[in-house]
Amino acid sequence: MSEPLIRVAGVTVRYGAVTALRDVSIEVNPGEIVAVLGPNGAGKSTLMRTIAGVHKPTAGQVHLAGAPVESGSPERVARRGLRLVPEGRQIFGPMTVEENLRMGSPDSGAALHDQLDRAYERFPILGERRRQAAGTLSGGEQQMLAIARALMAAPRVILYDEPSLGLAPRIVDQIFELIVGLRDEGVTSVVVEQNARRALAMSDRAYLLAAGSVKASGRSAEMAESDIAGHYFGTQR
Amino acid sequence: MSQFLQQLLNGLSLGSIYAVLSLGLAMIYGTLGILNFAYGELITITGYTMYFATQAGLSFAAAAALGAIAAAVASVLMQQLVFRPLQRAGFVTLLFASFALSEVLQGVFRQAVSPRAKGIPLPDALSNTIVLGTLRISTLTIITFVVAIVALAVFAVFMRRSRAGLHMRAAALDLTTTRLQGVSAGRVILLAFALSGTLAGIAGVLWISRTATVTPSTGATPILVGFIAVVLGGLGSTVGAVVGGFAFGLLEVFLEAYLPLGVVPFQFAIALVAISVLLYVRPEGLFGKAVEVKV
């Protein structure tokens, strides 16, 4: 087995008196899709932002490709090939679609133009709206833009925080198909998702988070939905 | 009619200085949420640099260029020495830090230079007057307006066309998401202070060219005017700051020209009352965005 691309070892994150993550350990191998499931307030977004370098763990360590993540410096983590598609998309609304895509690229000149051409080829709707303010796009188009922006840097791994949030089922299908398609291109994915059934169906492995701790983990196909539902509804500890 | 046109030109010229001044202040607020009240001291630093440079025998143009550069360097030093160590502090802490910095610098100017005004010799060309029909326009009015408009245009092109400008606009919208794209927060912030200082330097040269003197408290009026223009235009909006600057310049000149003589001493107070009424009707300013508050 190759070395994990992401290794989270015994991570605890506190916001003042509140403990958002407690001794969390997860691993993500190259080429995998790993789902992180759990009810609201489980600490899923905190985990994503800690891996991306936004939050500093109070205890424990995060490694990316064998080297420690520079906590508190998300730009350095991004330059090492990790991109976060944040909850709520967080596109730059007043800027145009193309400017949002340029934000995702570390390059300029011909390399940037090649990346833009590839983005428009993959997402033709973004090409049609390249001069439009990103804030005027529909929710689904904004999610596509957030993913396209992440892909501009040809990342090794993409973290998706609630990619289906507020989207129509047809658009969710497209987004999940895209994530699976990207695995075939060698892009590793970690997907935080409330829709457990959908997430288990598309992922290779899954972790269940509740109250800031990992409650269960395993191969997605083998994880029982009934156990997961118990944690969502608080009937299982 | 000719008096109106005359005052319009004067107002546009003064407003263009205020616009450049306010833009530099708004930029730092937009990127970092800091209202830097030590920004006025950058104008004073420009003035003292011009004073010492002209005393050393340099031409006015060379002294002006050095003055603008000195303001940009001082702005970067402010960021590195004061605001960077306080980067995790809240708005009020940063506001008071900027007040403290302003007071420290004024104290240094008083002790190291002089509490008295220092004169800066202006070239004769700046005091010439051009007559166009019934209009009498000083070359200083024209040069001020042209320099300010060129500075604003260069700034706009830089922000629209350059990669660094794109990063700065994104950082002003959402710094964390900008960093998640691999953009260095440190570089964006440093550039914002350098640009803000350059704008303060250009505004400083134009300001000093009108007053021809510099004192330890030269920056007090510009920072007040800049703050008013930024609030009038809408906190966080660079376009609003420019429009606010022009609006306040025009308001000041027209009130001075058209108010009865006995009321002129209250000109500034009347301008502030007028702006207060406007902000009562539109609290977000001319170009600011209304913020929804959930209760």
# chains A, B, ... in the order shown; residues from 1 in each chain; ligands from 1
>>> interface_residues(of="chain A", to="chain B", cutoff="12 Å", atoms="only C-alpha atoms", output="ChimeraX atom specification")
/A:48-55,72-96,98-109,112,146-155,158-159
>>> write_last_selection(atoms="C-alpha atoms", output="compact mmCIF listing (two decimals), in the first residue's frame")
# COMPACT_ATOMS: atom_id res chain seq x y z
CA MET A 48 -11.78 20.20 5.85
CA ARG A 49 -10.51 23.66 6.81
CA THR A 50 -7.89 22.15 9.13
CA ILE A 51 -6.58 19.90 6.34
CA ALA A 52 -6.52 22.95 4.02
CA GLY A 53 -4.39 24.89 6.53
CA VAL A 54 -7.04 27.44 7.54
CA HIS A 55 -7.27 26.24 11.16
CA GLY A 72 -2.41 28.87 9.37
CA SER A 73 -1.05 29.23 5.84
CA PRO A 74 -3.69 27.94 3.41
CA GLU A 75 -1.86 29.51 0.46
CA ARG A 76 1.16 27.23 1.01
CA VAL A 77 -1.06 24.17 1.29
CA ALA A 78 -2.86 25.19 -1.92
CA ARG A 79 0.48 25.52 -3.72
CA ARG A 80 1.31 21.95 -2.69
CA GLY A 81 -1.60 20.68 -4.80
CA LEU A 82 -4.58 20.72 -2.43
CA ARG A 83 -7.70 22.73 -3.20
CA LEU A 84 -10.80 23.25 -1.10
CA VAL A 85 -14.20 23.81 -2.72
CA PRO A 86 -15.77 25.51 0.29
CA GLU A 87 -19.27 25.21 1.66
CA GLY A 88 -21.52 27.76 -0.05
CA ARG A 89 -19.08 27.83 -3.02
CA GLN A 90 -17.45 31.14 -1.94
CA ILE A 91 -17.00 32.37 -5.48
CA PHE A 92 -16.06 36.03 -5.94
CA GLY A 93 -19.55 37.29 -6.85
CA PRO A 94 -18.81 40.76 -8.28
CA MET A 95 -15.95 39.42 -10.42
CA THR A 96 -16.54 37.80 -13.81
CA GLU A 98 -13.18 34.30 -16.14
CA GLU A 99 -11.65 36.37 -13.34
CA ASN A 100 -12.78 33.71 -10.85
CA LEU A 101 -11.07 31.06 -12.96
CA ARG A 102 -7.91 33.19 -13.23
CA MET A 103 -7.88 33.36 -9.43
CA GLY A 104 -7.51 29.58 -9.32
CA SER A 105 -4.51 29.44 -11.62
CA PRO A 106 -0.92 29.83 -10.49
CA ASP A 107 0.09 30.65 -14.07
CA SER A 108 -0.18 33.49 -16.55
CA GLY A 109 0.26 33.85 -20.32
CA LEU A 112 -3.25 30.26 -18.26
CA ALA A 146 -16.03 26.65 -7.81
CA ILE A 147 -14.92 23.21 -9.01
CA ALA A 148 -13.52 24.60 -12.28
CA ARG A 149 -11.59 27.19 -10.25
CA ALA A 150 -10.11 24.41 -8.12
CA LEU A 151 -9.16 22.42 -11.24
CA MET A 152 -7.27 25.38 -12.78
CA ALA A 153 -4.24 24.50 -10.64
CA ALA A 154 -4.32 20.80 -11.67
CA PRO A 155 -4.49 19.74 -7.99
CA ILE A 158 -9.74 18.37 -3.91
CA LEU A 159 -11.74 18.73 -0.70
>>> residues_around(residues="Glu41 in chain B", least_positions_apart="6", cutoff="10 Å", atoms="only C-alpha atoms", output="number ranges by chain")
B: 47, 71, 74-75, 101-106, 109, 200, 204, 216-220, 222-223
>>> write_last_selection(atoms="all heavy atoms", output="compact mmCIF listing (two decimals), in the first residue's frame")
# COMPACT_ATOMS: atom_id res chain seq x y z
N GLY B 47 5.39 65.97 2.96
CA GLY B 47 5.72 67.40 3.10
C GLY B 47 7.13 67.62 3.61
O GLY B 47 7.89 68.42 3.05
N ALA B 71 6.41 58.44 1.22
CA ALA B 71 5.10 58.05 1.78
C ALA B 71 4.84 56.57 1.55
O ALA B 71 4.32 55.86 2.45
CB ALA B 71 3.99 58.89 1.15
N ALA B 74 7.06 54.64 3.95
CA ALA B 74 6.55 54.78 5.33
C ALA B 74 5.29 53.93 5.53
O ALA B 74 5.09 53.34 6.60
CB ALA B 74 6.25 56.25 5.62
N SER B 75 4.44 53.86 4.51
CA SER B 75 3.21 53.07 4.61
C SER B 75 3.55 51.58 4.79
O SER B 75 2.94 50.88 5.62
CB SER B 75 2.38 53.29 3.35
OG SER B 75 1.21 52.52 3.40
N LEU B 101 -0.21 55.52 16.67
CA LEU B 101 0.86 55.71 15.69
C LEU B 101 0.87 57.16 15.18
O LEU B 101 1.94 57.79 15.05
CB LEU B 101 0.66 54.73 14.53
CG LEU B 101 1.67 54.78 13.39
CD1 LEU B 101 3.08 54.50 13.90
CD2 LEU B 101 1.29 53.76 12.31
N SER B 102 -0.34 57.68 14.92
CA SER B 102 -0.46 59.06 14.45
C SER B 102 0.13 60.04 15.48
O SER B 102 0.91 60.94 15.12
CB SER B 102 -1.95 59.36 14.21
OG SER B 102 -2.17 60.73 14.07
N GLU B 103 -0.21 59.83 16.75
CA GLU B 103 0.29 60.72 17.81
C GLU B 103 1.81 60.60 17.96
O GLU B 103 2.51 61.60 18.14
CB GLU B 103 -0.39 60.38 19.14
CG GLU B 103 -1.83 60.86 19.23
CD GLU B 103 -1.96 62.38 19.07
OE1 GLU B 103 -1.14 63.11 19.64
OE2 GLU B 103 -2.88 62.82 18.36
N VAL B 104 2.32 59.37 17.89
CA VAL B 104 3.77 59.15 18.01
C VAL B 104 4.51 59.90 16.90
O VAL B 104 5.49 60.61 17.14
CB VAL B 104 4.10 57.63 17.97
CG1 VAL B 104 5.60 57.40 17.75
CG2 VAL B 104 3.64 56.94 19.24
N LEU B 105 4.00 59.75 15.68
CA LEU B 105 4.68 60.38 14.54
C LEU B 105 4.64 61.91 14.65
O LEU B 105 5.64 62.59 14.38
CB LEU B 105 4.04 59.92 13.22
CG LEU B 105 4.37 58.48 12.82
CD1 LEU B 105 3.54 58.04 11.61
CD2 LEU B 105 5.85 58.32 12.50
N GLN B 106 3.48 62.45 15.09
CA GLN B 106 3.40 63.91 15.25
C GLN B 106 4.40 64.39 16.31
O GLN B 106 5.02 65.44 16.15
CB GLN B 106 1.98 64.33 15.65
CG GLN B 106 1.01 64.22 14.47
CD GLN B 106 -0.36 64.81 14.79
OE1 GLN B 106 -0.45 65.84 15.43
NE2 GLN B 106 -1.40 64.16 14.32
N PHE B 109 7.82 64.40 14.74
CA PHE B 109 8.00 65.57 13.86
C PHE B 109 8.29 66.82 14.69
O PHE B 109 9.15 67.63 14.34
CB PHE B 109 6.75 65.83 13.00
CG PHE B 109 6.36 64.69 12.10
CD1 PHE B 109 5.03 64.40 11.86
CD2 PHE B 109 7.33 63.92 11.47
CE1 PHE B 109 4.66 63.35 11.04
CE2 PHE B 109 6.98 62.87 10.63
CZ PHE B 109 5.64 62.58 10.42
N ALA B 200 -1.27 58.21 -1.07
CA ALA B 200 -1.13 59.26 -0.04
C ALA B 200 -0.02 60.22 -0.44
O ALA B 200 -0.14 61.44 -0.25
CB ALA B 200 -0.82 58.62 1.31
N GLY B 204 -0.42 63.97 -1.14
CA GLY B 204 0.41 64.83 -0.29
C GLY B 204 1.12 65.91 -1.10
O GLY B 204 1.15 67.08 -0.72
N PRO B 216 3.86 69.69 11.92
CA PRO B 216 3.66 68.33 12.45
C PRO B 216 2.23 67.84 12.32
O PRO B 216 1.98 66.63 12.25
CB PRO B 216 4.06 68.48 13.92
CG PRO B 216 5.05 69.60 13.93
CD PRO B 216 4.55 70.57 12.90
N SER B 217 1.26 68.79 12.27
CA SER B 217 -0.14 68.35 12.17
C SER B 217 -0.74 68.57 10.78
O SER B 217 -1.96 68.61 10.63
CB SER B 217 -0.98 69.10 13.22
OG SER B 217 -0.85 70.49 13.01
N THR B 218 0.11 68.66 9.77
CA THR B 218 -0.39 68.84 8.39
C THR B 218 -1.38 67.75 8.00
O THR B 218 -2.34 68.00 7.27
CB THR B 218 0.81 68.87 7.41
OG1 THR B 218 1.46 70.14 7.53
CG2 THR B 218 0.38 68.68 5.96
N GLY B 219 -1.17 66.53 8.48
CA GLY B 219 -2.02 65.41 8.07
C GLY B 219 -3.40 65.40 8.70
O GLY B 219 -4.26 64.60 8.29
N ALA B 220 -3.64 66.28 9.68
CA ALA B 220 -4.91 66.21 10.43
C ALA B 220 -6.13 66.47 9.55
O ALA B 220 -7.11 65.73 9.60
CB ALA B 220 -4.87 67.19 11.60
N PRO B 222 -6.32 66.41 6.07
CA PRO B 222 -6.51 65.40 5.04
C PRO B 222 -7.12 64.09 5.56
O PRO B 222 -7.99 63.51 4.91
CB PRO B 222 -5.09 65.14 4.51
CG PRO B 222 -4.35 66.38 4.80
CD PRO B 222 -4.94 66.95 6.04
N ILE B 223 -6.71 63.63 6.74
CA ILE B 223 -7.25 62.36 7.23
C ILE B 223 -8.73 62.52 7.57
O ILE B 223 -9.54 61.61 7.31
CB ILE B 223 -6.45 61.79 8.44
CG1 ILE B 223 -6.98 60.41 8.86
CG2 ILE B 223 -6.49 62.69 9.65
CD1 ILE B 223 -6.86 59.35 7.83
>>> select_by_dssp(residues="range 16-74 of chain A", states="alpha helix (DSSP H)", output="list in words")
Lys44, Ser45, Thr46, Leu47, Met48, Arg49, Thr50, Ile51 and Pro74 of chain A
>>> closest_residue(among="B:Pro121, B:Pro260, B:Gly186, B:Gly197", to="Tyr51 in chain B", atoms="only C-alpha atoms")
B:Pro121
>>> atom_distance(atom1="CA of Gly107 in chain B", atom2="CA of Ala61 in chain B")
28.4 Å
>>> select_by_dssp(residues="range 48-192 of chain A", states="strand (DSSP E or B)", output="list in words")
Ala59, Gly60, Gln61, Val62, His63, Leu64, Ala67, Pro68, Leu82, Arg83, Leu84, Val85, Thr96, Ala133, Val157, Ile158, Leu159, Tyr160, Asp161, Thr188, Ser189, Val190, Val191 and Val192 of chain A
>>> closest_residue(among="B:Leu58, B:Ala100, B:Gly30, B:Val214", to="Arg116 in chain B", atoms="only C-alpha atoms")
B:Val214
>>> residues_around(residues="Gly244 in chain B", least_positions_apart="4", cutoff="9 Å", atoms="only C-alpha atoms", output="PDB file with N, CA and C atoms, in the first residue's frame")
ATOM      1  N   GLY B  15     -11.548  68.431  -5.208  1.00  0.00           N
ATOM      2  CA  GLY B  15     -12.156  67.095  -5.076  1.00  0.00           C
ATOM      3  C   GLY B  15     -11.248  66.003  -5.608  1.00  0.00           C
ATOM      4  N   TYR B  18      -8.912  65.084  -2.889  1.00  0.00           N
ATOM      5  CA  TYR B  18      -9.645  64.290  -1.893  1.00  0.00           C
ATOM      6  C   TYR B  18      -9.906  62.869  -2.416  1.00  0.00           C
ATOM      7  N   ALA B  19     -10.166  62.758  -3.722  1.00  0.00           N
ATOM      8  CA  ALA B  19     -10.475  61.437  -4.309  1.00  0.00           C
ATOM      9  C   ALA B  19      -9.261  60.514  -4.201  1.00  0.00           C
ATOM     10  N   SER B  22      -8.729  59.641  -0.498  1.00  0.00           N
ATOM     11  CA  SER B  22      -9.727  58.713   0.029  1.00  0.00           C
ATOM     12  C   SER B  22      -9.522  57.312  -0.525  1.00  0.00           C
ATOM     13  N   GLY B 226     -10.501  62.638   4.250  1.00  0.00           N
ATOM     14  CA  GLY B 226     -10.468  61.293   3.666  1.00  0.00           C
ATOM     15  C   GLY B 226     -11.482  60.385   4.334  1.00  0.00           C
ATOM     16  N   ILE B 228     -14.220  61.277   5.940  1.00  0.00           N
ATOM     17  CA  ILE B 228     -15.574  61.713   5.574  1.00  0.00           C
ATOM     18  C   ILE B 228     -15.926  61.197   4.169  1.00  0.00           C
ATOM     19  N   ALA B 229     -14.979  61.352   3.239  1.00  0.00           N
ATOM     20  CA  ALA B 229     -15.237  60.934   1.854  1.00  0.00           C
ATOM     21  C   ALA B 229     -15.452  59.428   1.761  1.00  0.00           C
ATOM     22  N   VAL B 230     -14.673  58.656   2.538  1.00  0.00           N
ATOM     23  CA  VAL B 230     -14.794  57.195   2.509  1.00  0.00           C
ATOM     24  C   VAL B 230     -16.166  56.775   3.068  1.00  0.00           C
ATOM     25  N   VAL B 231     -16.601  57.420   4.145  1.00  0.00           N
ATOM     26  CA  VAL B 231     -17.907  57.091   4.728  1.00  0.00           C
ATOM     27  C   VAL B 231     -19.029  57.546   3.793  1.00  0.00           C
ATOM     28  N   LEU B 232     -18.859  58.747   3.213  1.00  0.00           N
ATOM     29  CA  LEU B 232     -19.857  59.271   2.282  1.00  0.00           C
ATOM     30  C   LEU B 232     -20.002  58.338   1.072  1.00  0.00           C
ATOM     31  N   GLY B 233     -18.880  57.876   0.540  1.00  0.00           N
ATOM     32  CA  GLY B 233     -18.921  56.994  -0.633  1.00  0.00           C
ATOM     33  C   GLY B 233     -19.403  55.599  -0.296  1.00  0.00           C
ATOM     34  N   GLY B 234     -19.226  55.181   0.944  1.00  0.00           N
ATOM     35  CA  GLY B 234     -19.619  53.827   1.354  1.00  0.00           C
ATOM     36  C   GLY B 234     -18.396  53.054   1.766  1.00  0.00           C
ATOM     37  N   VAL B 239     -14.712  52.798  -5.516  1.00  0.00           N
ATOM     38  CA  VAL B 239     -15.407  53.749  -6.401  1.00  0.00           C
ATOM     39  C   VAL B 239     -16.115  54.799  -5.547  1.00  0.00           C
ATOM     40  N   GLY B 240     -16.742  54.330  -4.473  1.00  0.00           N
ATOM     41  CA  GLY B 240     -17.444  55.234  -3.560  1.00  0.00           C
ATOM     42  C   GLY B 240     -16.491  56.253  -2.951  1.00  0.00           C
ATOM     43  N   PHE B 248     -17.202  65.775  -1.815  1.00  0.00           N
ATOM     44  CA  PHE B 248     -16.867  66.626  -0.671  1.00  0.00           C
ATOM     45  C   PHE B 248     -16.084  67.865  -1.110  1.00  0.00           C
ATOM     46  N   GLY B 249     -15.209  67.694  -2.092  1.00  0.00           N
ATOM     47  CA  GLY B 249     -14.455  68.840  -2.625  1.00  0.00           C
ATOM     48  C   GLY B 249     -15.391  69.879  -3.221  1.00  0.00           C
ATOM     49  N   GLY B 285     -23.997  54.791   2.716  1.00  0.00           N
ATOM     50  CA  GLY B 285     -23.253  55.714   1.869  1.00  0.00           C
ATOM     51  C   GLY B 285     -23.684  55.588   0.420  1.00  0.00           C
ATOM     52  N   LEU B 286     -23.009  56.355  -0.467  1.00  0.00           N
ATOM     53  CA  LEU B 286     -23.457  56.408  -1.860  1.00  0.00           C
ATOM     54  C   LEU B 286     -23.287  55.079  -2.582  1.00  0.00           C
TER      55      LEU B 286
END
>>> residues_around(residues="Val73 in chain B", least_positions_apart="6", cutoff="12 Å", atoms="only C-alpha atoms", output="list of chain:residue names")
B:Leu42, B:Ile45, B:Thr46, B:Thr49, B:Leu66, B:Gly67, B:Gln79, B:Gln80, B:Leu190, B:Leu191, B:Phe193, B:Ala194, B:Leu195, B:Ser196, B:Gly197, B:Thr198, B:Leu199, B:Ala200, B:Gly201
>>> write_last_selection(atoms="N, CA and C atoms", output="mmCIF file, in the first residue's frame")
data_model
loop_
_atom_site.group_PDB
_atom_site.id
_atom_site.type_symbol
_atom_site.label_atom_id
_atom_site.label_comp_id
_atom_site.auth_asym_id
_atom_site.auth_seq_id
_atom_site.Cartn_x
_atom_site.Cartn_y
_atom_site.Cartn_z
ATOM 1 N N LEU B 42 1.236 60.234 6.566
ATOM 2 C CA LEU B 42 1.953 59.980 5.302
ATOM 3 C C LEU B 42 2.011 61.274 4.476
ATOM 4 N N ILE B 45 4.729 63.290 6.097
ATOM 5 C CA ILE B 45 6.048 62.758 5.704
ATOM 6 C C ILE B 45 6.395 63.232 4.291
ATOM 7 N N THR B 46 5.403 63.222 3.394
ATOM 8 C CA THR B 46 5.628 63.743 2.034
ATOM 9 C C THR B 46 6.087 65.201 2.117
ATOM 10 N N THR B 49 9.650 65.517 3.531
ATOM 11 C CA THR B 49 10.619 65.038 2.528
ATOM 12 C C THR B 49 10.824 66.118 1.466
ATOM 13 N N LEU B 66 10.406 62.333 -4.639
ATOM 14 C CA LEU B 66 10.954 61.747 -3.403
ATOM 15 C C LEU B 66 9.890 61.699 -2.304
ATOM 16 N N GLY B 67 9.079 62.758 -2.233
ATOM 17 C CA GLY B 67 8.009 62.827 -1.228
ATOM 18 C C GLY B 67 7.029 61.679 -1.382
ATOM 19 N N GLN B 79 2.901 49.037 8.071
ATOM 20 C CA GLN B 79 2.305 47.683 8.021
ATOM 21 C C GLN B 79 3.208 46.668 8.709
ATOM 22 N N GLN B 80 4.502 46.738 8.373
ATOM 23 C CA GLN B 80 5.444 45.735 8.894
ATOM 24 C C GLN B 80 5.649 45.864 10.406
ATOM 25 N N LEU B 190 1.016 43.640 1.745
ATOM 26 C CA LEU B 190 2.161 44.534 1.543
ATOM 27 C C LEU B 190 1.933 45.449 0.337
ATOM 28 N N LEU B 191 1.425 44.859 -0.740
ATOM 29 C CA LEU B 191 1.157 45.633 -1.951
ATOM 30 C C LEU B 191 0.070 46.674 -1.698
ATOM 31 N N PHE B 193 -0.600 48.193 1.118
ATOM 32 C CA PHE B 193 -0.010 49.312 1.866
ATOM 33 C C PHE B 193 0.915 50.143 0.980
ATOM 34 N N ALA B 194 1.671 49.478 0.088
ATOM 35 C CA ALA B 194 2.565 50.228 -0.808
ATOM 36 C C ALA B 194 1.758 51.132 -1.738
ATOM 37 N N LEU B 195 0.667 50.573 -2.302
ATOM 38 C CA LEU B 195 -0.170 51.370 -3.214
ATOM 39 C C LEU B 195 -0.886 52.494 -2.471
ATOM 40 N N SER B 196 -1.404 52.143 -1.284
ATOM 41 C CA SER B 196 -2.094 53.146 -0.470
ATOM 42 C C SER B 196 -1.139 54.289 -0.123
ATOM 43 N N GLY B 197 0.106 53.930 0.232
ATOM 44 C CA GLY B 197 1.112 54.946 0.555
ATOM 45 C C GLY B 197 1.464 55.795 -0.651
ATOM 46 N N THR B 198 1.522 55.162 -1.833
ATOM 47 C CA THR B 198 1.820 55.925 -3.053
ATOM 48 C C THR B 198 0.713 56.940 -3.322
ATOM 49 N N LEU B 199 -0.549 56.491 -3.144
ATOM 50 C CA LEU B 199 -1.681 57.413 -3.347
ATOM 51 C C LEU B 199 -1.617 58.557 -2.324
ATOM 52 N N ALA B 200 -1.273 58.214 -1.070
ATOM 53 C CA ALA B 200 -1.133 59.256 -0.039
ATOM 54 C C ALA B 200 -0.018 60.225 -0.444
ATOM 55 N N GLY B 201 1.061 59.679 -0.997
ATOM 56 C CA GLY B 201 2.189 60.515 -1.427
ATOM 57 C C GLY B 201 1.787 61.467 -2.549
#
>>> closest_residue(among="A:Gly31, A:Ser2, A:Val11, A:Leu165", to="Val187 in chain A", atoms="only C-alpha atoms")
A:Gly31
>>> atom_distance(atom1="CA of Thr58 in chain A", atom2="CA of Thr188 in chain A")
26.6 Å
>>> closest_residue(among="B:Ala271, B:Val205, B:Ala97, B:Leu23", to="Leu250 in chain B", atoms="only C-alpha atoms")
B:Ala271
>>> atom_distance(atom1="CA of Glu27 in chain A", atom2="CA of Leu5 in chain A")
7.6 Å
>>> residues_around(residues="Val172 in chain A", least_positions_apart="4", cutoff="10 Å", atoms="only C-alpha atoms", output="PyMOL selection string")
chain A and resi 140+143+163-168+176-178+198
>>> write_last_selection(atoms="N, CA, C and O atoms", output="CSV table (one decimal), in the first residue's frame")
chain,number,residue,atom,x,y,z
A,140,GLY,N,-26.2,25.9,-9.3
A,140,GLY,CA,-25.5,24.8,-10.0
A,140,GLY,C,-24.3,25.3,-10.7
A,140,GLY,O,-23.2,24.7,-10.7
A,143,GLN,N,-21.6,26.3,-8.4
A,143,GLN,CA,-20.8,25.1,-7.9
A,143,GLN,C,-19.8,24.6,-9.0
A,143,GLN,O,-18.7,24.2,-8.7
A,163,PRO,N,-20.9,19.7,-1.4
A,163,PRO,CA,-21.1,20.1,-2.8
A,163,PRO,C,-22.5,20.1,-3.3
A,163,PRO,O,-22.8,20.7,-4.3
A,164,SER,N,-23.4,19.3,-2.6
A,164,SER,CA,-24.8,19.2,-3.1
A,164,SER,C,-25.7,20.2,-2.5
A,164,SER,O,-26.9,20.3,-2.8
A,165,LEU,N,-25.2,21.0,-1.5
A,165,LEU,CA,-26.0,21.9,-0.7
A,165,LEU,C,-26.8,22.8,-1.5
A,165,LEU,O,-26.3,23.6,-2.3
A,166,GLY,N,-28.2,22.7,-1.4
A,166,GLY,CA,-29.1,23.7,-2.1
A,166,GLY,C,-29.2,23.5,-3.6
A,166,GLY,O,-29.7,24.4,-4.2
A,167,LEU,N,-28.8,22.4,-4.1
A,167,LEU,CA,-28.8,22.2,-5.5
A,167,LEU,C,-29.9,21.2,-5.9
A,167,LEU,O,-30.3,20.3,-5.1
A,168,ALA,N,-30.5,21.3,-7.1
A,168,ALA,CA,-31.5,20.4,-7.6
A,168,ALA,C,-30.9,19.0,-7.8
A,168,ALA,O,-29.7,18.9,-8.2
A,176,PHE,N,-21.8,14.9,-8.8
A,176,PHE,CA,-21.2,13.6,-8.3
A,176,PHE,C,-20.5,12.9,-9.5
A,176,PHE,O,-19.5,12.2,-9.3
A,177,GLU,N,-21.2,12.9,-10.7
A,177,GLU,CA,-20.6,12.2,-11.8
A,177,GLU,C,-19.2,12.9,-12.1
A,177,GLU,O,-18.3,12.2,-12.5
A,178,LEU,N,-19.1,14.2,-12.0
A,178,LEU,CA,-17.9,14.9,-12.3
A,178,LEU,C,-16.8,14.5,-11.3
A,178,LEU,O,-15.7,14.2,-11.7
A,198,ARG,N,-26.1,9.0,-1.0
A,198,ARG,CA,-25.5,9.4,-2.3
A,198,ARG,C,-24.0,9.3,-2.1
A,198,ARG,O,-23.2,8.9,-3.0
>>> residues_around(residues="Ser25 in chain A", least_positions_apart="2", cutoff="10 Å", atoms="only C-alpha atoms", output="count of residues only")
15
>>> residues_around(residues="Ser220 in chain A", least_positions_apart="3", cutoff="7 Å", atoms="only C-alpha atoms", output="MDAnalysis selection string")
chainID A and resid 200 203:206 223
>>> write_last_selection(atoms="C-alpha atoms", output="CSV table (one decimal), in the first residue's frame")
chain,number,residue,atom,x,y,z
A,200,LEU,CA,-21.6,6.1,0.1
A,203,SER,CA,-17.1,6.9,-2.6
A,204,ASP,CA,-14.5,4.2,-2.0
A,205,ARG,CA,-14.3,4.7,1.8
A,206,ALA,CA,-16.1,6.7,4.4
A,223,MET,CA,-20.9,0.6,5.9
>>> decode(residues="range 216-224 of chain A", atoms="N, CA, C and O atoms", output="compact mmCIF listing (two decimals), in the first residue's frame")
# COMPACT_ATOMS: atom_id res chain seq x y z
N ALA A 216 -17.23 5.96 13.16
CA ALA A 216 -17.15 4.73 12.37
C ALA A 216 -16.36 5.02 11.10
O ALA A 216 -16.30 6.18 10.66
N SER A 217 -15.77 3.99 10.53
CA SER A 217 -15.08 4.17 9.25
C SER A 217 -15.00 2.82 8.56
O SER A 217 -15.14 1.77 9.21
N GLY A 218 -14.79 2.84 7.26
CA GLY A 218 -14.67 1.59 6.53
C GLY A 218 -14.93 1.78 5.06
O GLY A 218 -15.08 2.91 4.58
N ARG A 219 -14.99 0.64 4.35
CA ARG A 219 -15.28 0.70 2.91
C ARG A 219 -16.74 1.12 2.76
O ARG A 219 -17.63 0.62 3.47
N SER A 220 -17.00 2.01 1.86
CA SER A 220 -18.35 2.58 1.74
C SER A 220 -19.39 1.50 1.50
O SER A 220 -20.49 1.55 2.06
N ALA A 221 -19.02 0.54 0.65
CA ALA A 221 -19.98 -0.51 0.30
C ALA A 221 -20.36 -1.34 1.51
O ALA A 221 -21.42 -1.99 1.52
N GLU A 222 -19.48 -1.36 2.52
CA GLU A 222 -19.74 -2.22 3.68
C GLU A 222 -20.34 -1.47 4.87
O GLU A 222 -20.66 -2.08 5.89
N MET A 223 -20.42 -0.15 4.78
CA MET A 223 -20.95 0.62 5.92
C MET A 223 -22.48 0.56 5.92
O MET A 223 -23.11 0.84 4.90
N ALA A 224 -23.03 0.20 7.05
CA ALA A 224 -24.48 0.04 7.14
C ALA A 224 -25.15 1.40 7.31
O ALA A 224 -24.77 2.20 8.17
